[in-house]
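Enquirer: Structure provided below as structure tokens; questions to follow.
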Amino acid sequence: MTIRTILVDDEKLATQGLALRLAAHEDVEIVDTCMNGREAIRAIKTHKPDLVFLDIQMPGFDGFSVVQGLMEVEPPLFVFVTAYSDHALKAFETDAVDYLMKPVEESRLADTLDRVRQRLTEKRGVEEVDRLKEVIAEIAPDSVENLAEGGEQVSANRFEKLINIKDRGQIFRVDVDTIERIDAAGDYMCIYTGDNTLILRETMKDLEKRLDPRRFQRVHRSTIVNLDLVKEVKPHTNGECFLVLQSNAQVKVSRSYRDVVARFVH
């Protein structure tokens, strides 16, 4: 898999330094370099790259304006590169893959490219299934349903593996495997990771779409539980029960969600 990449920075030395570090990664192909935001938008629309390393502070048209200027097309993955850490919060709000500080460290760059590769693999896997379904729908419509099981397996790659949570003026990159439960409080979510509690401004409905339903299930109108971290089921009255989690926290399962508990009973 080749990662077609564009570098955007108004400082030529910064572009050259990043290109030199990227040369150590054989799967990265630099297809263009740009000195300002307007050049970047034209180049991205022309080359349709997989990845863009984007400086934030540029004269006239900054990095965030570049992202906004691509709303009508399918955007590439973005990695922001800047000398100013105070832009980190806004960078993650744009769903950037990562945020690198100048001068870019080789180890941090390697970690970032690993995340890029994972995102691209997931995206391309889903696209291949969708294309296959379209072809079969044309030549053998009755066979489309037979793809459902395989499609669901690949579609699982769409779900988040890391969630960026802005809380108390910081960005926390939370591995979803560590999330034990989620409680709703209006338009805010309380994310429990066993040893930490973080507040995420998002509705439960939207958050559910980002999590794999085979692992994260509602057990109450306002509670989602990571089923992989349930260690005990305690029966209660009136058809209700409690789930005991790895942290020993107990979560009540309401009667309307009893089918969730059924998978633990063999």
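Residue names in the structure tokens use chain letters A, B, ... in the order shown, residue numbers from 1 in each chain, and ligand numbers from 1 in the order shown.
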Could you name the residues that touch stretch 33-47 of chain A at 12 Å or less, counting only C-alpha atoms, but leaving out those on the same chain fewer than 2 positions away, as a PyMOL selection string?

Expert: chain A and resi 4-16+18-19+29-31+49-78

Enquirer: Next, dump the selected residues to file, keeping only N, CA and C atoms, as a short mmCIF file (atom, residue, chain, number, x, y, z; two decimals), in the first residue's frame.

Expert:
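Result file selection27.cif:
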data_model
loop_
_atom_site.label_atom_id
_atom_site.label_comp_id
_atom_site.auth_asym_id
_atom_site.auth_seq_id
_atom_site.Cartn_x
_atom_site.Cartn_y
_atom_site.Cartn_z
N ARG A 4 0.04 8.10 -0.74
CA ARG A 4 0.29 9.28 -1.55
C ARG A 4 0.11 10.52 -0.67
N THR A 5 1.16 11.33 -0.59
CA THR A 5 1.24 12.35 0.44
C THR A 5 1.59 13.73 -0.13
N ILE A 6 0.97 14.76 0.47
CA ILE A 6 1.30 16.15 0.14
C ILE A 6 1.80 16.84 1.41
N LEU A 7 2.86 17.64 1.27
CA LEU A 7 3.41 18.41 2.37
C LEU A 7 3.07 19.88 2.17
N VAL A 8 2.55 20.52 3.23
CA VAL A 8 2.16 21.92 3.13
C VAL A 8 2.82 22.70 4.26
N ASP A 9 3.68 23.66 3.90
CA ASP A 9 4.35 24.49 4.89
C ASP A 9 4.94 25.70 4.18
N ASP A 10 4.80 26.89 4.77
CA ASP A 10 5.33 28.10 4.14
C ASP A 10 6.83 28.24 4.38
N GLU A 11 7.40 27.36 5.22
CA GLU A 11 8.84 27.37 5.46
C GLU A 11 9.48 26.23 4.66
N LYS A 12 10.30 26.58 3.69
CA LYS A 12 10.90 25.58 2.81
C LYS A 12 11.76 24.58 3.57
N LEU A 13 12.52 25.08 4.56
CA LEU A 13 13.39 24.19 5.33
C LEU A 13 12.57 23.16 6.10
N ALA A 14 11.40 23.57 6.61
CA ALA A 14 10.54 22.64 7.34
C ALA A 14 10.04 21.53 6.42
N THR A 15 9.67 21.91 5.20
CA THR A 15 9.21 20.91 4.22
C THR A 15 10.32 19.94 3.87
N GLN A 16 11.52 20.48 3.67
CA GLN A 16 12.66 19.63 3.31
C GLN A 16 13.01 18.67 4.45
N LEU A 18 10.98 17.50 6.81
CA LEU A 18 9.96 16.46 6.92
C LEU A 18 10.09 15.45 5.79
N ALA A 19 10.36 15.94 4.59
CA ALA A 19 10.53 15.04 3.44
C ALA A 19 11.70 14.08 3.68
N GLU A 29 4.85 8.12 -0.52
CA GLU A 29 5.23 8.79 -1.77
C GLU A 29 4.76 10.24 -1.72
N ILE A 30 5.69 11.17 -1.78
CA ILE A 30 5.34 12.60 -1.76
C ILE A 30 5.00 13.02 -3.19
N VAL A 31 3.74 13.35 -3.42
CA VAL A 31 3.28 13.67 -4.77
C VAL A 31 3.31 15.17 -5.04
N PRO A 49 -4.74 13.00 -2.67
CA PRO A 49 -3.77 12.21 -1.88
C PRO A 49 -4.46 11.43 -0.76
N ASP A 50 -3.73 10.49 -0.21
CA ASP A 50 -4.22 9.76 0.96
C ASP A 50 -3.98 10.55 2.24
N LEU A 51 -2.90 11.33 2.25
CA LEU A 51 -2.44 11.97 3.48
C LEU A 51 -1.87 13.35 3.19
N VAL A 52 -2.12 14.29 4.10
CA VAL A 52 -1.55 15.64 3.99
C VAL A 52 -0.93 16.02 5.33
N PHE A 53 0.35 16.37 5.31
CA PHE A 53 1.00 16.97 6.47
C PHE A 53 0.82 18.48 6.31
N LEU A 54 0.13 19.08 7.27
CA LEU A 54 -0.37 20.44 7.09
C LEU A 54 0.10 21.36 8.21
N ASP A 55 0.86 22.40 7.82
CA ASP A 55 1.24 23.43 8.79
C ASP A 55 0.00 24.24 9.15
N ILE A 56 -0.08 24.69 10.38
CA ILE A 56 -1.26 25.45 10.81
C ILE A 56 -1.10 26.94 10.52
N GLN A 57 -0.02 27.54 10.98
CA GLN A 57 0.15 28.98 10.82
C GLN A 57 0.86 29.30 9.51
N MET A 58 0.05 29.76 8.54
CA MET A 58 0.58 30.19 7.25
C MET A 58 -0.08 31.52 6.92
N PRO A 59 0.60 32.40 6.19
CA PRO A 59 0.01 33.70 5.88
C PRO A 59 -1.22 33.57 4.99
N GLY A 60 -2.27 34.32 5.35
CA GLY A 60 -3.46 34.40 4.53
C GLY A 60 -4.47 33.29 4.73
N PHE A 61 -4.04 32.07 4.55
CA PHE A 61 -4.96 30.92 4.55
C PHE A 61 -4.33 29.85 5.43
N ASP A 62 -4.75 29.75 6.68
CA ASP A 62 -4.07 28.82 7.60
C ASP A 62 -4.54 27.38 7.39
N GLY A 63 -3.95 26.46 8.16
CA GLY A 63 -4.25 25.04 7.99
C GLY A 63 -5.70 24.68 8.22
N PHE A 64 -6.33 25.29 9.21
CA PHE A 64 -7.73 25.01 9.47
C PHE A 64 -8.62 25.48 8.32
N SER A 65 -8.24 26.58 7.68
CA SER A 65 -8.99 27.07 6.52
C SER A 65 -8.88 26.10 5.35
N VAL A 66 -7.74 25.42 5.25
CA VAL A 66 -7.58 24.40 4.20
C VAL A 66 -8.59 23.28 4.40
N VAL A 67 -8.70 22.81 5.63
CA VAL A 67 -9.66 21.74 5.92
C VAL A 67 -11.07 22.18 5.58
N GLN A 68 -11.43 23.41 5.99
CA GLN A 68 -12.77 23.92 5.70
C GLN A 68 -13.01 24.08 4.20
N GLY A 69 -11.95 24.39 3.46
CA GLY A 69 -12.09 24.58 2.02
C GLY A 69 -12.27 23.29 1.24
N LEU A 70 -12.21 22.15 1.93
CA LEU A 70 -12.35 20.85 1.26
C LEU A 70 -13.63 20.12 1.66
N MET A 71 -14.58 20.87 2.20
CA MET A 71 -15.80 20.25 2.70
C MET A 71 -16.64 19.60 1.60
N GLU A 72 -16.51 20.10 0.36
CA GLU A 72 -17.37 19.56 -0.70
C GLU A 72 -16.75 18.34 -1.37
N VAL A 73 -15.53 17.96 -1.00
CA VAL A 73 -14.90 16.76 -1.57
C VAL A 73 -14.56 15.79 -0.44
N GLU A 74 -14.27 14.55 -0.81
CA GLU A 74 -13.84 13.59 0.20
C GLU A 74 -12.42 13.94 0.63
N PRO A 75 -12.24 14.35 1.89
CA PRO A 75 -10.92 14.84 2.30
C PRO A 75 -9.94 13.70 2.54
N PRO A 76 -8.64 14.00 2.45
CA PRO A 76 -7.62 13.01 2.82
C PRO A 76 -7.48 12.96 4.33
N LEU A 77 -6.58 12.15 4.82
CA LEU A 77 -6.23 12.18 6.23
C LEU A 77 -5.28 13.35 6.46
N PHE A 78 -5.44 14.03 7.60
CA PHE A 78 -4.60 15.18 7.90
C PHE A 78 -3.76 14.92 9.14
#

Enquirer: Distance atom CA of A:Arg168-atom CA of A:Asn226, one decimal place?

Expert: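 Atom-to-atom, atom CA of A:Arg168 and atom CA of A:Asn226 are spaced 24.5 Å apart.
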
Enquirer: Take atom CA of A:Lys161 and atom CA of A:Glu208 and report the distance between them in Å, one decimal.

Expert: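 Interatomic distance, atom CA of A:Lys161 to atom CA of A:Glu208: 13.1 Å.
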
Enquirer: Which residues, written as a list in words, have at least one atom at most 6 Å from A:Val219, with only C-alpha atoms counted and residues fewer than 4 positions away on the same chain left out?

Expert: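 Listing them by chain and then by number gives Thr223, Val253 and Tyr257 of chain A.
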
Enquirer: Based on the selection just made, write N, CA and C atoms of those residues as an mmCIF file, in the first residue's frame.

Expert:
data_model
loop_
_atom_site.group_PDB
_atom_site.id
_atom_site.type_symbol
_atom_site.label_atom_id
_atom_site.label_comp_id
_atom_site.auth_asym_id
_atom_site.auth_seq_id
_atom_site.Cartn_x
_atom_site.Cartn_y
_atom_site.Cartn_z
ATOM 1 N N THR A 223 -26.925 4.163 29.873
ATOM 2 C CA THR A 223 -25.648 3.517 30.187
ATOM 3 C C THR A 223 -25.232 2.543 29.090
ATOM 4 N N VAL A 253 -28.889 -3.557 34.960
ATOM 5 C CA VAL A 253 -29.452 -3.814 33.635
ATOM 6 C C VAL A 253 -30.966 -3.779 33.761
ATOM 7 N N TYR A 257 -33.530 -4.373 28.597
ATOM 8 C CA TYR A 257 -32.237 -4.722 27.989
ATOM 9 C C TYR A 257 -31.764 -6.103 28.452
#

Enquirer: Show me, as a PyMOL selection string, the residues that have an atom within 12 Å of stretch 174-188 of chain A when counting only C-alpha atoms, minus same-chain residues fewer than 2 positions from it.

Expert: chain A and resi 159-167+171-172+190-208+210-212+215-231+243-252

Enquirer: Could you write out, as an MDAnalysis selection string, all the residues of stretch 177-220 of chain A that DSSP marks as strand (DSSP E)?

Expert: chainID A and resid 181:185 188:192 197:201 216:220

Enquirer: May I have the residues within 12 Å of A:Arg117 as a list of chain:residue names, using only C-alpha atoms and disregarding those fewer than 6 positions away in the same chain?

Expert: A:Met1, A:Thr2, A:Ile3, A:Arg4, A:His25, A:Asp27, A:Val28, A:Asp50, A:Leu51, A:Leu77, A:Val97, A:Ala110, A:Asp111, A:Lys123, A:Arg124
